[in-house]
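Quick notes on the structure that follows.
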Amino acid sequence: MVLQTSSSEPLWLTIVRLLRWDKPAGRLILMIPALWAVFLAAAGTPPPGLVGIIIVGTLATSAAGCAINDLWDRDIDPQVERTRSRPLASRSLSVTTAIVVALVALLCAAGLALYLNALSFWLCVGAVPIIVVYPLAKRFFPIPQLVLSLAWGFAVLISWTAVTGEISTATWLLWGAVVSWTLGFDTVYALSDREDDLKVGINSSAIFFGKYAPDAVAVFLTLTASLLAYLALNLELHWTFWIPWGIAVTGWAQHYQQLRQEDTPRETYGQIFRQNVYLGFILLAGMIAGSLF
């Protein structure tokens with residue numbers, strides 16, 4: 001088995017692009033729900049070692065997901081403007097190399113999962129099929145972003161149970177907030193590809209909701225804000241949480257106004273996606289403060 005790249009670019013740099021490590025926003029936005037869960041479940045003071053496992057675990061899982069996604073989509077990505085330069089789409093990396101990278105990333109994630117309790121470990125196992133089949137969803141399921149959202153939701157279940165060993169009402173509230181948040185920001189992300197996806201003949205929530213996509217995003221983000229508020233009341237978080245919560249709600253309201261504009265520039269969708277990373281970390285700060293005080 002030979003690892004190779006067909007371009008003049010160094011192999012390691014091509015693999016970095018395969019794993020999207022040159023675009024950290026997408027990696028961080030998976031880490032955020034996991035950190036929300038571990039800090040809330042531990043009342044603001046989780047074991048540092050567990051936080052480290054979760055951070056590295058989300059990076060490994062995200063890496064595997066990117067490689068698997070590009071393996072499934074290597075013949076679709078060349079037809080989409082945003083993805084045609086990806087290593088497998090541009091044929092600058094071999095399929096064999098991508099498979100090896102995906103397996104290594106999965107093995108790293110599996111090794112880290114062994115340090116978790118039994119419930120968390122089996123939740124990790126349960127997440128794998130969703131990660132593997134998610135790229136196929138766009139071929140037959142009208143809202144593939146929902147499948148991605150369910151995969152994101154596992155970050156909450158795994159991290160929360162890693163602290164408490166059980167799933168509670170608060171866990172499901174956070175899970176619901178993360179699923180709806182992911183549906184919101186990933187529908188925005190899908191808007192940038194809507195014309196290309198229509199030509200290729202694949203599905204997305206941006207296509208499914210059509211002209212109502214901005215309103216659908218608003219509904220998802222409103223649900224996110226509502227569930228986070230209910231969660232804060234359920235956990236009796238300190239009032240300091242509500243300041244970051246208010247900042248996030250204000251940011252989401254501004255995003256809705258941007259999406260409602262006619263002829264929204266394509267780059268705006270990417271900006272909104274990246275801004276959700278900042279809002280996610282602002283909310284994390286509020287959750288930590290609200291738990292500690």
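Ligands are numbered from 1 in the order shown, chains are lettered A, B, ... in the order of the structure tokens, and residues start at 1 in each chain.
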Write out as a list in words which residues come within 6 Å of segment 43-48 of chain A when counting only C-alpha atoms, dropping same-chain ones fewer than 5 positions away. Ile288, Ser291 and Leu292 of chain A
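Every protein, DNA or RNA residue with an atom at most 9 Å from Trp239 of chain A, where only C-alpha atoms count and chain neighbours fewer than 6 positions away do not, is listed here: Ala289, Gly290 and Phe293 of chain A.
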Exercise: segment 242-253 of chain A partners within 9 Å, only C-alpha atoms, chain neighbours under 2 positions left out, as a list in words: Ala218, Leu221, Thr222, Ala225, Leu228, Ala229, Ala232, Leu237, His238, Trp239, Thr240, His255, Tyr256, Gln257, Gln258, Ile272, Gln275, Asn276, Leu279, Gly280, Ile282, Leu283, Leu284, Ala285, Gly286, Met287 and Gly290 of chain A
Restricted to C-alpha atoms, what would the selected residues look like written as a PDB file, in the first residue's frame?
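Printed below is out-v1.pdb as written:
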```pdb
ATOM      1  CA  ALA A 218     -34.356  31.903  12.136  1.00  0.00           C
ATOM      2  CA  LEU A 221     -31.691  29.552  15.961  1.00  0.00           C
ATOM      3  CA  THR A 222     -34.707  30.745  17.958  1.00  0.00           C
ATOM      4  CA  ALA A 225     -31.759  30.179  22.119  1.00  0.00           C
ATOM      5  CA  LEU A 228     -30.338  27.142  26.064  1.00  0.00           C
ATOM      6  CA  ALA A 229     -32.427  29.517  28.177  1.00  0.00           C
ATOM      7  CA  ALA A 232     -29.872  27.635  32.146  1.00  0.00           C
ATOM      8  CA  LEU A 237     -26.932  29.060  36.163  1.00  0.00           C
ATOM      9  CA  HIS A 238     -25.733  32.389  37.550  1.00  0.00           C
ATOM     10  CA  TRP A 239     -26.952  35.577  35.885  1.00  0.00           C
ATOM     11  CA  THR A 240     -23.533  35.983  34.237  1.00  0.00           C
ATOM     12  CA  HIS A 255     -27.520  36.920  10.688  1.00  0.00           C
ATOM     13  CA  TYR A 256     -31.211  36.634   9.898  1.00  0.00           C
ATOM     14  CA  GLN A 257     -31.285  40.204   8.659  1.00  0.00           C
ATOM     15  CA  GLN A 258     -28.278  39.506   6.422  1.00  0.00           C
ATOM     16  CA  ILE A 272     -21.956  33.852   9.126  1.00  0.00           C
ATOM     17  CA  GLN A 275     -19.185  33.996  13.291  1.00  0.00           C
ATOM     18  CA  ASN A 276     -21.120  31.110  14.815  1.00  0.00           C
ATOM     19  CA  LEU A 279     -20.665  32.953  19.310  1.00  0.00           C
ATOM     20  CA  GLY A 280     -20.233  29.334  20.381  1.00  0.00           C
ATOM     21  CA  ILE A 282     -18.830  33.247  23.881  1.00  0.00           C
ATOM     22  CA  LEU A 283     -21.640  30.967  25.048  1.00  0.00           C
ATOM     23  CA  LEU A 284     -19.061  28.540  26.449  1.00  0.00           C
ATOM     24  CA  ALA A 285     -17.575  31.355  28.511  1.00  0.00           C
ATOM     25  CA  GLY A 286     -21.053  32.159  29.803  1.00  0.00           C
ATOM     26  CA  MET A 287     -21.725  28.538  30.689  1.00  0.00           C
ATOM     27  CA  GLY A 290     -22.744  30.666  35.114  1.00  0.00           C
TER      28      GLY A 290
END
```
Return the single residue from A:Thr224, A:Leu50, A:Thr97, A:Leu233 that is closest to Ala113 of chain A, with distances computed using only C-alpha atoms.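 Ranked by minimum distance to Ala113 of chain A, first place goes to A:Leu50.
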Selection: 9 Å around segment 20-26 of chain A, only C-alpha atoms, excl. self and same-chain fewer than 4 positions, as a ChimeraX atom specification: /A:15-16,30,62-63,66,273-274,277
Compare A:Phe281, A:Phe39, A:Trp12, A:Phe154 by their minimum atom-to-atom distance to Leu93 of chain A, counting only C-alpha atoms, and give me the closest one. A:Trp12
Within 12 Å of Val125 of chain A, counting only C-alpha atoms, which residues qualify if same-chain residues fewer than 2 places away don't, as a list in words? Thr61, Leu106, Leu107, Ala109, Ala110, Gly111, Ala113, Leu114, Leu116, Ala118, Leu119, Ser120, Phe121, Trp122, Leu123, Ala127, Val128, Pro129, Ile130, Ile131, Val132, Ala151, Phe154 and Ile158 of chain A
Near Leu191 of chain A, within 9 Å and counting only C-alpha atoms, which residues show up once chain neighbours fewer than 5 positions away are dropped, as a short mmCIF file (atom, residue, chain, number, x, y, z; two decimals) with C-alpha atoms, in the first residue's frame?
```
data_model
loop_
_atom_site.label_atom_id
_atom_site.label_comp_id
_atom_site.auth_asym_id
_atom_site.auth_seq_id
_atom_site.Cartn_x
_atom_site.Cartn_y
_atom_site.Cartn_z
CA ASP A 186 -25.26 24.34 8.27
CA SER A 204 -29.69 20.18 0.92
CA SER A 205 -31.79 22.01 3.48
CA ALA A 206 -31.14 25.22 1.51
CA ILE A 207 -32.86 23.66 -1.50
CA ALA A 213 -34.43 29.20 3.99
CA ARG A 266 -21.77 34.13 -1.47
CA TYR A 269 -22.62 32.69 4.10
#
```
Which residues come within 6 Å of segment 72-79 of chain A, counting only C-alpha atoms, excluding same-chain residues fewer than 4 positions away, as a ChimeraX atom specification? /A:83-84,88-89
Based on the selection just made, write N, CA and C atoms of those residues as a JSON list (two decimals), in the first residue's frame.
```json
[["chain", "number", "residue", "atom", "x", "y", "z"],
["A", 83, "THR", "N", -15.89, 23.24, -3.61],
["A", 83, "THR", "CA", -15.19, 22.01, -3.24],
["A", 83, "THR", "C", -14.29, 21.44, -4.32],
["A", 84, "ARG", "N", -14.26, 22.05, -5.50],
["A", 84, "ARG", "CA", -13.53, 21.42, -6.61],
["A", 84, "ARG", "C", -12.02, 21.38, -6.41],
["A", 88, "LEU", "N", -9.04, 15.14, -3.15],
["A", 88, "LEU", "CA", -9.58, 14.02, -3.91],
["A", 88, "LEU", "C", -10.34, 14.50, -5.15],
["A", 89, "ALA", "N", -11.02, 15.63, -5.03],
["A", 89, "ALA", "CA", -11.74, 16.17, -6.18],
["A", 89, "ALA", "C", -10.80, 16.59, -7.29]]
```
Which of these, A:Ile29, A:Thr268, A:Ala37, A:Ala60, has the shortest distance to Ile167 of chain A once you count only C-alpha atoms?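 Closest candidate: A:Ala37.
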Report, in Å to a single decimal, how far apart atom CA of Met31 of chain A and atom CA of Cys124 of chain A are.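 Computing it gives 14.6 Å between the two atoms.
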DSSP says helix (DSSP H, G or I) for which residues of segment 76-286 of chain A? Put them as a ChimeraX atom specification? /A:77-79,95-113,118-140,144-164,169-191,194-200,205-235,239-260,266-286
